[in-house]
$ cat coords_0.txt   # compact mmCIF, C-alpha atoms and all ligand atoms
# COMPACT_ATOMS: atom_id res chain seq x y z
CA MET A 84 8.03 1.63 19.63
CA ILE A 85 9.77 2.61 16.40
CA SER A 86 6.65 3.93 14.70
CA GLY A 87 6.44 7.62 15.61
CA ALA A 88 9.88 7.69 17.25
CA LYS A 89 12.45 10.44 16.58
CA ILE A 90 15.83 8.86 15.93
CA THR A 91 19.01 10.92 15.70
CA LEU A 92 21.33 8.76 13.61
CA ILE A 93 25.07 9.45 13.75
CA VAL A 94 27.02 7.92 10.86
CA THR A 95 30.80 7.79 11.28
CA GLY A 96 33.74 7.12 8.97
CA SER A 97 33.62 3.35 8.58
CA ILE A 98 33.71 1.48 5.30
CA ALA A 99 30.24 0.21 6.38
CA ALA A 100 28.81 3.77 6.26
CA TYR A 101 27.12 3.00 2.94
CA LYS A 102 24.91 0.51 4.81
CA SER A 103 23.42 3.40 6.80
CA ALA A 104 21.36 4.17 3.67
CA GLU A 105 19.50 0.87 4.04
CA LEU A 106 19.12 1.51 7.77
CA VAL A 107 17.58 4.96 7.20
CA ARG A 108 15.21 3.49 4.66
CA GLU A 109 14.10 0.69 6.97
CA LEU A 110 13.61 3.00 9.97
CA SER A 111 11.66 5.52 7.87
CA ARG A 112 9.54 2.72 6.44
CA SER A 113 8.75 1.61 10.03
CA GLY A 114 7.31 5.08 10.73
CA ALA A 115 10.28 6.71 12.52
CA THR A 116 11.60 10.21 11.83
CA VAL A 117 15.33 9.90 11.23
CA GLN A 118 17.60 12.92 11.67
CA PRO A 119 21.01 12.00 10.24
CA ILE A 120 24.33 13.47 11.35
CA LEU A 121 27.51 12.65 9.42
CA THR A 122 31.05 13.03 10.71
CA ARG A 123 33.59 14.55 8.34
CA ALA A 124 35.08 11.07 7.75
CA ALA A 125 31.62 9.57 7.09
CA MET A 126 31.22 11.95 4.14
CA GLU A 127 34.21 10.23 2.48
CA PHE A 128 32.03 7.09 2.29
CA ILE A 129 28.45 8.32 1.77
CA THR A 130 26.99 11.66 0.71
CA PRO A 131 24.68 13.75 2.91
CA LEU A 132 22.37 14.03 -0.10
CA THR A 133 21.74 10.26 -0.14
CA LEU A 134 20.71 10.18 3.51
CA GLN A 135 18.72 13.41 3.23
CA ALA A 136 16.71 12.00 0.32
CA LEU A 137 16.04 8.72 2.15
CA ALA A 138 15.23 10.30 5.51
CA GLY A 139 13.25 13.25 4.12
CA GLN A 140 15.00 15.32 6.83
CA PRO A 141 17.91 17.78 6.72
CA VAL A 142 21.31 16.22 7.35
CA THR A 143 23.69 17.84 9.84
CA THR A 144 27.42 17.75 9.16
CA ASP A 145 28.94 20.81 10.78
CA LEU A 146 28.94 22.13 14.34
CA PHE A 147 29.60 25.62 13.07
CA ASP A 148 26.82 25.74 10.46
CA LEU A 149 25.36 29.26 10.55
CA ARG A 150 21.84 28.22 9.52
CA SER A 151 21.24 25.19 11.73
CA GLU A 152 23.08 26.75 14.67
CA ALA A 153 20.89 29.89 14.62
CA ASP A 154 18.81 28.12 17.28
CA ILE A 155 21.64 25.91 18.63
CA GLY A 156 20.79 23.01 16.32
CA HIS A 157 23.09 20.44 17.93
CA ILE A 158 21.30 20.82 21.28
CA ALA A 159 17.92 20.53 19.54
CA LEU A 160 19.09 17.26 17.90
CA ALA A 161 20.12 15.97 21.33
CA ASP A 162 16.93 17.11 23.10
CA THR A 163 14.28 16.04 20.60
CA ALA A 164 15.59 12.50 20.08
CA ASP A 165 13.81 9.50 21.57
CA VAL A 166 17.03 7.61 20.95
CA VAL A 167 20.48 8.47 19.57
CA LEU A 168 21.85 5.71 17.35
CA VAL A 169 25.50 5.62 16.23
CA ALA A 170 25.66 3.27 13.24
CA PRO A 171 28.21 2.42 12.08
CA ALA A 172 30.50 3.57 14.91
CA THR A 173 34.27 3.71 14.33
CA ALA A 174 36.88 2.83 16.95
CA ASP A 175 37.87 6.49 16.86
CA PHE A 176 34.34 7.70 17.62
CA ILE A 177 33.86 5.19 20.44
CA ALA A 178 37.15 6.29 22.01
CA LYS A 179 36.25 9.98 21.86
CA ALA A 180 32.72 9.35 23.15
CA ALA A 181 34.08 7.28 26.07
CA VAL A 182 36.08 10.24 27.37
CA GLY A 183 33.52 12.93 26.54
CA ILE A 184 35.26 14.70 23.67
CA ALA A 185 32.87 17.00 21.79
CA ASP A 186 34.93 18.49 18.99
CA ASP A 187 32.40 17.84 16.21
CA VAL A 188 28.62 18.00 15.95
CA ALA A 189 28.10 14.22 16.36
CA LEU A 190 30.15 14.00 19.56
CA ALA A 191 28.56 17.19 20.92
CA VAL A 192 25.06 15.73 20.39
CA LEU A 193 26.10 12.50 22.11
CA LEU A 194 27.43 14.39 25.11
CA ALA A 195 24.37 16.65 25.34
CA THR A 196 21.61 14.08 24.99
CA LYS A 197 19.56 12.59 27.81
CA ALA A 198 17.96 10.05 25.43
CA PRO A 199 19.07 6.41 25.39
CA VAL A 200 22.18 5.86 23.26
CA VAL A 201 22.68 2.77 21.07
CA ILE A 202 26.01 2.11 19.34
CA ALA A 203 26.53 -0.37 16.49
CA PRO A 204 30.32 -0.67 15.96
CA ALA A 205 32.01 -1.63 12.68
CA MET A 206 35.74 -2.08 12.34
CA ASN A 207 38.64 -4.40 11.66
CA VAL A 208 38.83 -7.35 14.09
CA ASN A 209 42.15 -6.21 15.58
CA MET A 210 40.75 -2.74 16.22
CA TRP A 211 37.65 -4.26 17.86
CA GLU A 212 39.58 -6.71 20.01
CA ASN A 213 42.24 -4.17 20.98
CA GLU A 214 42.06 -3.77 24.74
CA ARG A 215 41.84 0.01 24.41
CA THR A 216 38.68 -0.30 22.30
CA GLN A 217 37.25 -2.90 24.68
CA ALA A 218 37.98 -0.64 27.67
CA ASN A 219 36.19 2.24 25.88
CA VAL A 220 33.19 0.00 25.18
CA GLU A 221 33.06 -1.10 28.83
CA ARG A 222 33.28 2.50 29.98
CA LEU A 223 30.33 3.49 27.78
CA ARG A 224 28.33 0.41 28.83
CA ALA A 225 28.85 1.40 32.47
CA GLN A 226 27.34 4.80 31.60
CA GLY A 227 24.18 3.10 30.27
CA VAL A 228 25.02 3.03 26.56
CA SER A 229 23.85 -0.15 24.87
CA PHE A 230 25.78 -1.86 22.08
CA VAL A 231 24.53 -3.85 19.12
CA GLU A 232 27.16 -6.60 19.08
CA PRO A 233 29.16 -6.61 15.83
CA GLY A 234 28.90 -9.76 13.75
CA VAL A 235 31.65 -12.31 13.15
CA GLY A 236 32.74 -13.18 9.61
CA GLU A 237 34.61 -11.83 6.62
CA LEU A 238 35.44 -8.14 7.03
CA ALA A 239 35.78 -5.51 4.29
CA CYS A 240 39.51 -5.27 5.06
CA GLY A 241 39.98 -8.96 4.20
CA TRP A 242 40.37 -10.18 7.78
CA GLN A 243 38.06 -12.77 9.38
CA GLY A 244 36.59 -12.24 12.85
CA ALA A 245 34.44 -9.95 14.99
CA GLY A 246 33.83 -6.37 13.89
CA ARG A 247 31.26 -6.68 11.10
CA PHE A 248 28.54 -4.04 11.14
CA ALA A 249 25.37 -5.72 12.49
CA GLU A 250 22.52 -6.57 10.08
CA THR A 251 19.87 -3.85 9.64
CA ALA A 252 17.16 -6.14 11.07
CA HIS A 253 19.27 -6.75 14.15
CA ILE A 254 19.79 -3.01 14.75
CA VAL A 255 16.06 -2.32 14.26
CA GLU A 256 15.19 -5.07 16.76
CA HIS A 257 17.64 -3.59 19.29
CA LEU A 258 16.00 -0.16 18.89
CA GLN A 259 12.53 -1.66 19.35
CA ASP A 260 13.74 -3.10 22.63
CA VAL A 261 15.19 0.20 23.82
CA LEU A 262 12.11 2.21 22.77
CA THR A 263 9.42 -0.07 24.23
CA PRO A 264 8.21 0.89 27.72
CA ASN A 265 9.02 -1.75 30.35
CA ASP A 266 5.38 -2.42 31.20
CA LEU A 267 6.05 -6.11 31.80
CA ALA A 268 8.96 -5.67 34.20
CA GLY A 269 8.18 -8.01 37.11
CA SER A 270 5.96 -10.28 35.00
CA ARG A 271 6.33 -13.88 33.95
CA VAL A 272 4.90 -14.28 30.47
CA ILE A 273 3.99 -17.61 28.91
CA VAL A 274 3.22 -17.54 25.20
CA THR A 275 2.21 -20.61 23.20
CA ALA A 276 2.75 -20.63 19.45
CA GLY A 277 2.51 -22.73 16.31
CA PRO A 278 0.61 -25.91 15.61
CA THR A 279 0.82 -29.16 17.52
CA ARG A 280 1.41 -32.49 15.79
CA GLU A 281 -0.60 -35.50 16.90
CA PRO A 282 1.06 -38.73 15.74
CA ILE A 283 -0.69 -41.48 13.81
CA ASP A 284 2.51 -43.53 13.69
CA PRO A 285 6.23 -42.61 13.85
CA VAL A 286 6.14 -40.85 10.44
CA ARG A 287 2.57 -39.52 10.07
CA PHE A 288 0.64 -36.96 12.07
CA VAL A 289 -2.52 -34.81 12.26
CA SER A 290 -1.83 -31.05 12.41
CA ASN A 291 -2.84 -27.66 10.94
CA ARG A 292 -1.37 -24.79 8.88
CA SER A 293 -0.34 -22.51 11.76
CA THR A 294 3.12 -20.96 11.20
CA GLY A 295 3.59 -19.67 14.76
CA ARG A 296 4.19 -16.08 13.59
CA MET A 297 1.54 -14.51 15.83
CA GLY A 298 2.89 -16.20 18.99
CA TYR A 299 6.52 -15.45 18.14
CA ALA A 300 5.63 -11.78 17.50
CA LEU A 301 3.87 -11.65 20.88
CA ALA A 302 6.85 -13.23 22.65
CA ARG A 303 9.17 -10.68 21.03
CA VAL A 304 7.00 -7.70 22.01
CA CYS A 305 6.63 -9.03 25.58
CA SER A 306 10.40 -9.41 25.84
CA TRP A 307 10.93 -5.82 24.61
CA SER A 308 8.49 -4.78 27.33
CA GLY A 309 10.71 -6.26 30.02
CA GLY A 310 8.83 -9.52 30.70
CA GLU A 311 10.45 -12.86 31.65
CA VAL A 312 9.17 -14.61 28.56
CA HIS A 313 8.71 -18.35 28.03
CA LEU A 314 7.64 -19.39 24.54
CA VAL A 315 6.10 -22.86 24.39
CA SER A 316 6.38 -23.61 20.70
CA GLY A 317 5.03 -26.35 18.49
CA PRO A 318 7.05 -27.17 15.35
CA THR A 319 7.77 -24.00 13.33
CA GLU A 320 10.48 -22.70 11.01
CA LEU A 321 10.97 -19.53 13.06
CA ALA A 322 14.10 -18.39 14.88
CA ALA A 323 13.91 -17.85 18.64
CA PRO A 324 13.29 -14.17 19.49
CA ALA A 325 16.16 -12.54 21.41
CA GLY A 326 15.83 -12.73 25.18
CA VAL A 327 13.06 -15.34 25.09
CA LYS A 328 13.33 -18.85 26.57
CA VAL A 329 11.91 -21.28 24.01
CA HIS A 330 10.46 -24.66 25.08
CA HIS A 331 9.94 -26.92 22.07
CA VAL A 332 7.00 -29.35 22.13
CA GLN A 333 5.26 -31.53 19.56
CA THR A 334 1.85 -32.61 20.85
CA ALA A 335 -1.05 -30.90 22.63
CA GLU A 336 -0.36 -33.07 25.69
CA GLU A 337 3.30 -31.92 25.80
CA MET A 338 2.21 -28.30 25.37
CA ARG A 339 -0.33 -28.64 28.19
CA ASN A 340 2.25 -30.18 30.54
CA LYS A 341 4.86 -27.51 29.83
CA VAL A 342 2.38 -24.63 30.22
CA PHE A 343 1.20 -25.94 33.60
CA GLU A 344 4.75 -26.66 34.78
CA LEU A 345 5.67 -23.02 34.01
CA ALA A 346 2.45 -21.43 35.29
CA LEU A 347 2.44 -23.34 38.60
CA ALA A 348 6.13 -22.71 39.36
CA PRO A 349 6.62 -20.61 42.52
CA ALA A 350 7.63 -17.08 41.63
CA THR A 351 11.06 -15.63 42.27
CA GLU A 352 11.20 -12.50 44.41
CA GLN A 353 11.18 -9.96 41.59
CA LEU A 354 7.98 -11.31 39.98
CA ARG A 355 4.54 -9.93 40.77
CA SER A 356 2.21 -11.13 38.01
CA GLN A 357 1.95 -13.56 35.15
CA PHE A 358 0.33 -13.46 31.73
CA VAL A 359 -0.53 -16.52 29.65
CA PHE A 360 -1.12 -15.87 25.93
CA MET A 361 -2.56 -19.01 24.32
CA ALA A 362 -1.76 -18.11 20.70
CA ALA A 363 -0.96 -21.69 19.57
CA ALA A 364 -3.29 -23.47 17.18
CA VAL A 365 -3.54 -26.56 19.36
CA THR A 366 -4.87 -29.47 17.31
CA ASP A 367 -8.46 -30.18 18.41
CA HIS A 368 -8.47 -33.95 17.88
CA ARG A 369 -5.79 -36.64 17.86
CA PRO A 370 -5.69 -40.27 16.76
CA ALA A 371 -7.03 -42.43 19.59
CA GLN A 372 -4.44 -45.12 18.78
CA VAL A 373 -0.81 -44.36 17.93
CA ALA A 374 0.98 -47.15 16.10
CA GLU A 375 4.47 -47.91 17.43
CA THR A 376 5.87 -48.73 14.00
CA LYS A 377 5.06 -47.25 10.59
CA LEU A 378 1.67 -48.52 9.44
CA LYS A 379 1.66 -50.64 6.28
CA HIS A 380 -1.13 -49.51 3.98
CA ASP A 381 -2.82 -51.47 1.24
CA LYS A 382 -3.66 -48.95 -1.50
CA THR A 383 -6.71 -50.93 -2.59
CA LYS A 384 -8.40 -50.40 0.80
CA SER A 385 -9.92 -47.47 2.74
CA TYR A 386 -9.12 -46.92 6.42
CA ASP A 387 -10.91 -45.13 9.26
CA LEU A 388 -8.92 -42.86 11.57
CA HIS A 389 -10.60 -42.68 14.93
CA LEU A 390 -9.99 -39.28 16.62
CA GLU A 391 -10.43 -38.24 20.25
CA PRO A 392 -10.33 -34.70 21.73
CA CYS A 393 -6.94 -33.19 22.63
CA PRO A 394 -6.62 -31.45 26.01
CA ASP A 395 -8.26 -27.99 26.02
CA ILE A 396 -5.38 -26.07 27.62
CA LEU A 397 -7.16 -22.70 27.80
CA GLU A 398 -10.28 -24.20 29.38
CA GLU A 399 -8.15 -25.94 32.03
CA LEU A 400 -6.18 -22.75 32.74
CA GLY A 401 -9.44 -20.85 33.23
CA ARG A 402 -10.85 -23.57 35.51
CA ARG A 403 -7.67 -23.78 37.63
CA ARG A 404 -6.73 -20.09 37.74
CA THR A 405 -7.17 -19.77 41.53
CA GLU A 406 -4.96 -22.81 42.09
CA ILE A 407 -2.34 -21.38 39.70
CA ALA A 408 -2.40 -17.99 41.45
CA GLU A 409 -1.93 -19.67 44.85
CA ALA A 410 0.87 -22.00 43.71
CA SER A 411 2.82 -19.31 41.85
CA LYS A 412 1.93 -16.46 44.24
CA LEU A 413 1.30 -14.32 41.16
CA ARG A 414 -1.76 -12.49 39.86
CA ILE A 415 -2.68 -14.20 36.60
CA LYS A 416 -4.16 -12.88 33.36
CA LEU A 417 -5.34 -15.28 30.68
CA ILE A 418 -5.51 -14.26 27.05
CA GLY A 419 -7.19 -16.65 24.60
CA PHE A 420 -7.29 -16.76 20.80
CA SER A 421 -10.25 -17.84 18.73
CA ALA A 422 -9.75 -18.37 14.99
CA GLU A 423 -13.02 -19.14 13.25
CA VAL A 424 -14.46 -19.03 9.77
CA GLY A 425 -17.67 -17.24 8.75
CA ASP A 426 -18.92 -13.68 8.79
CA GLU A 427 -18.05 -11.10 11.43
CA ASP A 428 -21.11 -11.91 13.59
CA ALA A 429 -20.27 -15.61 13.65
CA ILE A 430 -16.58 -15.00 14.51
CA LEU A 431 -17.46 -12.53 17.27
CA GLY A 432 -20.23 -14.80 18.61
CA TRP A 433 -17.83 -17.72 18.98
CA ALA A 434 -15.11 -15.56 20.52
CA ARG A 435 -17.46 -14.02 23.09
CA GLN A 436 -18.85 -17.42 24.01
CA LYS A 437 -15.32 -18.77 24.60
CA LEU A 438 -14.40 -15.66 26.63
CA GLU A 439 -17.17 -16.48 29.12
CA ARG A 440 -17.05 -20.28 29.03
CA LYS A 441 -13.25 -20.53 29.43
CA ASN A 442 -13.08 -17.88 32.14
CA VAL A 443 -10.40 -15.76 30.49
CA ASP A 444 -9.68 -12.00 30.71
CA LEU A 445 -9.25 -11.17 27.03
CA MET A 446 -10.22 -13.06 23.88
CA VAL A 447 -8.60 -12.29 20.54
CA GLY A 448 -11.01 -13.23 17.78
CA ASN A 449 -9.87 -13.44 14.18
CA PRO A 450 -10.91 -14.88 10.82
CA ALA A 451 -8.88 -18.10 10.41
CA ASP A 452 -8.51 -17.59 6.66
CA GLU A 453 -6.90 -14.15 7.22
CA ALA A 454 -4.41 -15.37 9.81
CA PHE A 455 -3.10 -18.86 9.04
CA GLY A 456 0.10 -18.84 7.02
CA LYS A 457 0.05 -15.03 6.62
CA GLU A 458 2.37 -12.19 7.71
CA THR A 459 -0.65 -10.07 8.63
CA ASN A 460 -3.75 -10.49 10.76
CA ARG A 461 -7.04 -8.72 11.56
CA VAL A 462 -8.41 -9.12 15.06
CA TRP A 463 -11.10 -8.13 17.52
CA LEU A 464 -10.13 -7.71 21.15
CA LEU A 465 -13.00 -8.79 23.39
CA GLU A 466 -13.05 -7.96 27.08
CA ARG A 467 -15.35 -9.16 29.81
CA GLY A 468 -18.19 -6.72 30.41
CA GLY A 469 -18.84 -6.28 26.69
CA ARG A 470 -16.08 -3.91 25.52
CA GLN A 471 -14.66 -4.81 22.13
CA GLU A 472 -12.16 -3.20 19.75
CA GLU A 473 -11.34 -4.01 16.13
CA VAL A 474 -7.75 -3.83 14.90
CA ALA A 475 -7.67 -3.53 11.09
CA THR A 476 -5.34 -5.70 8.99
CA ALA A 477 -1.71 -5.04 9.93
CA ASP A 478 1.52 -7.01 10.32
CA LYS A 479 1.59 -9.44 13.23
CA GLN A 480 4.23 -7.43 15.08
CA TYR A 481 1.90 -4.44 15.24
CA ILE A 482 -1.08 -6.63 16.16
CA ALA A 483 1.02 -8.20 18.95
CA GLY A 484 1.66 -4.72 20.40
CA ARG A 485 -2.08 -3.95 20.38
CA ILE A 486 -2.90 -7.28 22.05
CA LEU A 487 -0.32 -6.58 24.75
CA ARG A 488 -1.74 -3.08 25.40
CA ALA A 489 -5.22 -4.61 25.82
CA ALA A 490 -3.89 -7.38 28.09
CA LEU A 491 -2.22 -4.77 30.33
CA ARG A 492 -5.49 -2.79 30.50
CA VAL A 493 -7.99 -5.57 31.34
C1 LIG B 1 38.96 2.98 3.53
C2 LIG B 1 38.81 3.22 5.02
C3 LIG B 1 37.96 2.42 5.74
C4 LIG B 1 37.81 2.61 7.15
N1 LIG B 1 36.96 1.81 7.83
C5 LIG B 1 36.89 1.94 9.18
C6 LIG B 1 36.05 1.09 9.92
O1 LIG B 1 35.30 0.24 9.38
N2 LIG B 1 36.01 1.22 11.26
C7 LIG B 1 36.80 2.14 11.91
O2 LIG B 1 36.76 2.19 13.13
N3 LIG B 1 37.59 2.98 11.21
C8 LIG B 1 37.67 2.91 9.86
N4 LIG B 1 38.49 3.76 9.16
C9 LIG B 1 39.22 4.78 9.89
C10 LIG B 1 38.38 6.01 10.19
O3 LIG B 1 37.82 6.53 9.02
C11 LIG B 1 39.17 7.08 10.94
O4 LIG B 1 39.56 6.58 12.21
C12 LIG B 1 38.42 8.37 11.09
O5 LIG B 1 39.23 9.29 11.82
C13 LIG B 1 37.11 8.20 11.80
O6 LIG B 1 36.48 9.44 12.01
P1 LIG B 1 35.09 9.56 12.76
O7 LIG B 1 35.16 8.65 13.92
O8 LIG B 1 35.01 10.99 13.17
O9 LIG B 1 34.02 9.24 11.79
C14 LIG B 1 38.60 3.61 7.78
C15 LIG B 1 39.43 4.43 7.02
C16 LIG B 1 39.56 4.24 5.65
C17 LIG B 1 40.47 5.13 4.87
$ encode --input "coords_0.txt" --output "structure tokens"
Amino acid sequence: MISGAKITLIVTGSIAAYKSAELVRELSRSGATVQPILTRAAMEFITPLTLQALAGQPVTTDLFDLRSEADIGHIALADTADVVLVAPATADFIAKAAVGIADDVALAVLLATKAPVVIAPAMNVNMWENERTQANVERLRAQGVSFVEPGVGELACGWQGAGRFAETAHIVEHLQDVLTPNDLAGSRVIVTAGPTREPIDPVRFVSNRSTGRMGYALARVCSWSGGEVHLVSGPTELAAPAGVKVHHVQTAEEMRNKVFELALAPATEQLRSQFVFMAAAVTDHRPAQVAETKLKHDKTKSYDLHLEPCPDILEELGRRRTEIAEASKLRIKLIGFSAEVGDEDAILGWARQKLERKNVDLMVGNPADEAFGKETNRVWLLERGGRQEEVATADKQYIAGRILRAALRV
């Protein structure tokens, strides 16, 4: 993924070139090494010094630079890159790249590289929609270049329409996708996320503080890894990750039904295995009676709420795993989550007990107070046979990657 990756970043002469500074900063902060290249026109909009300071790497601007070309620097920039990113890319640069022109250092690197190439265009709407530009884009796509679609909106030139340089977060997400190995190609992946809401009446419910971030991060990472990802989500504020099919549910019963409908579905030809990540904080108990209309309460009285257990989806998956494998014709791996309070021994004890009792392949144990409502998490990955691994506090995206690696291994 991005952390540890070498990214050769080509900045071209668009008015949006100043935004490459933010991009370099974000990529460097994510742990990538960024090697910037500026076209002559790009230097009219942003200085090499700015990008050099932000990247902490020398900036290349000239094909005929005596120092950097002592060891054929432009070929080194092409060869050492894990990905070549052109952001922002002008119409001019796209046109030259489409026909293989190499009359400056940026174009020469693009022609010489065997690394994946990602282009984020930025231009006036008429330039973008011009059929010559579109033909150039199609030509590059056919050669395996991937494009970060430009946004639609107000453009620097005053026009409205498509051509806006994509948001930094969007470009970073696209790179994550390109850089992640396709370990889940041929896999159906079902991820549950968020809380469930168990109604008391039409306006009140029993629920918990889960935000869904862990499950959404897992779905995103699984999609980057080439999986066919279904996210069964309780109510959250989060946006659907790109490439993921989201199934919205409210109650534990609805979540159970959707998970089984997906897991039991016969596989299409290209699928070979399925993974179920039960990251949702399914409410444990629900009101035994649900009122059809809003309950009238007398504030001078106390009331009892009688609760009954909600379906235990993970337990049922573990119990019916042979049936699921036969119906879907897919090998199945079950990954459970156990959020508990207490000291490390108590949390690990509960997690290991659930690993055995629920017949799952991997249990992710974590302290509930360090996970709920937070951007970060700290987890233990418990496998059958006794192996366990601690992952120190990190953002949920990183933790999701570690959980996926463990799920692929077990
Ligand atoms: C103020 C200004 C803004 C420009 N913005 C863009 C732009 O956003 N997108 C684009 O394709 N060209 C833009 N151009 C035109 C390019 O700079 C021009 O085509 C140049 O030759 C591109 O060189 P390069 O592709 O080698 O970087 C702009 C030019 C000027 C003067």
$ atom_distance --input "coords_0.txt" --atom1 "atom CA of A:Ala434" --atom2 "atom CA of A:Val447"
7.3 Å
$ closest_residue --input "coords_0.txt" --among "A:Val359, A:Leu388, A:Leu106, A:Ala180" --to "ligand LIG 1 (chain B)" --atoms "only C-alpha atoms and all ligand atoms"
A:Ala180
$ residues_near_ligand --input "coords_0.txt" --ligand "ligand LIG 1 (chain B)" --cutoff "6 Å" --atoms "all atoms listed in the file" --output "compact mmCIF listing (two decimals) with C-alpha atoms, keeping the file's coordinate frame"
# COMPACT_ATOMS: atom_id res chain seq x y z
CA THR A 95 30.80 7.79 11.28
CA GLY A 96 33.74 7.12 8.97
CA SER A 97 33.62 3.35 8.58
CA ILE A 98 33.71 1.48 5.30
CA ALA A 99 30.24 0.21 6.38
CA THR A 122 31.05 13.03 10.71
CA ALA A 124 35.08 11.07 7.75
CA ALA A 125 31.62 9.57 7.09
CA THR A 173 34.27 3.71 14.33
CA ALA A 174 36.88 2.83 16.95
CA ASP A 175 37.87 6.49 16.86
CA PHE A 176 34.34 7.70 17.62
CA ALA A 205 32.01 -1.63 12.68
CA MET A 206 35.74 -2.08 12.34
$ closest_residue --input "coords_0.txt" --among "A:Ala225, A:Cys305, A:Leu321, A:Leu137" --to "A:Gln480" --atoms "all atoms listed in the file"
A:Cys305
$ closest_residue --input "coords_0.txt" --among "A:Ser306, A:Gln372, A:Ser356, A:Thr351" --to "A:Ala323" --atoms "only C-alpha atoms"
A:Ser306
$ closest_residue --input "coords_0.txt" --among "A:Ala454, A:Leu258, A:Val228, A:Ile120" --to "A:Asp187" --atoms "only C-alpha atoms"
A:Ile120
$ residues_near_point --input "coords_0.txt" --point "(-10.4, -14.0, 29.0)" --cutoff "10 Å" --atoms "all atoms listed in the file" --output "list of chain:residue names"
A:Phe360, A:Leu397, A:Gly401, A:Lys416, A:Leu417, A:Ile418, A:Gly419, A:Phe420, A:Ala434, A:Arg435, A:Lys437, A:Leu438, A:Glu439, A:Arg440, A:Lys441, A:Asn442, A:Val443, A:Asp444, A:Leu445, A:Met446, A:Val447, A:Leu465, A:Glu466, A:Arg467, A:Ala490, A:Val493
$ residues_around --input "coords_0.txt" --residues "A:Thr405" --least-positions-apart "5" --cutoff "12 Å" --atoms "all atoms listed in the file" --output "PyMOL selection string"
chain A and resi 346-347+399-400+410-417+442
$ atom_distance --input "coords_0.txt" --atom1 "atom CA of A:Val462" --atom2 "atom CA of A:Glu423"
11.2 Å
$ closest_residue --input "coords_0.txt" --among "A:Ala422, A:Val94, A:Ala164, A:Ala325" --to "A:Ile202" --atoms "all atoms listed in the file"
A:Val94
$ atom_distance --input "coords_0.txt" --atom1 "atom CA of A:Arg287" --atom2 "atom CA of A:Ala335"
15.7 Å
$ residues_around --input "coords_0.txt" --residues "A:His380" --least-positions-apart "6" --cutoff "12 Å" --atoms "all atoms listed in the file" --output "JSON, numbers by chain"
{"A": [284, 386, 387]}
$ closest_residue --input "coords_0.txt" --among "A:Val208, A:Val200, A:Ala276, A:Met84" --to "A:Ala245" --atoms "only C-alpha atoms"
A:Val208
$ residues_around --input "coords_0.txt" --residues "A:Thr116" --least-positions-apart "5" --cutoff "9 Å" --atoms "only C-alpha atoms" --output "ChimeraX atom specification"
/A:86-91,110-111,138-140
$ axis_aligned_box --input "coords_0.txt" --around "stretch 378-395 of chain A" --padding-each-side "4 Å" --output "JSON"
{"center_x": -4.6, "center_y": -39.7, "center_z": 11.7, "size_x": 20.6, "size_y": 31.5, "size_z": 36.6}
$ residues_around --input "coords_0.txt" --residues "A:Thr216" --least-positions-apart "4" --cutoff "7 Å" --atoms "all atoms listed in the file" --output "list in words"
Ala174, Ala178, Met210, Trp211, Glu212 and Val220 of chain A
$ residues_around --input "coords_0.txt" --residues "A:Ile396" --least-positions-apart "4" --cutoff "9 Å" --atoms "all atoms listed in the file" --output "VMD selection string"
chain A and resid 335 to 336 338 to 339 342 to 343 361 365 400 to 401
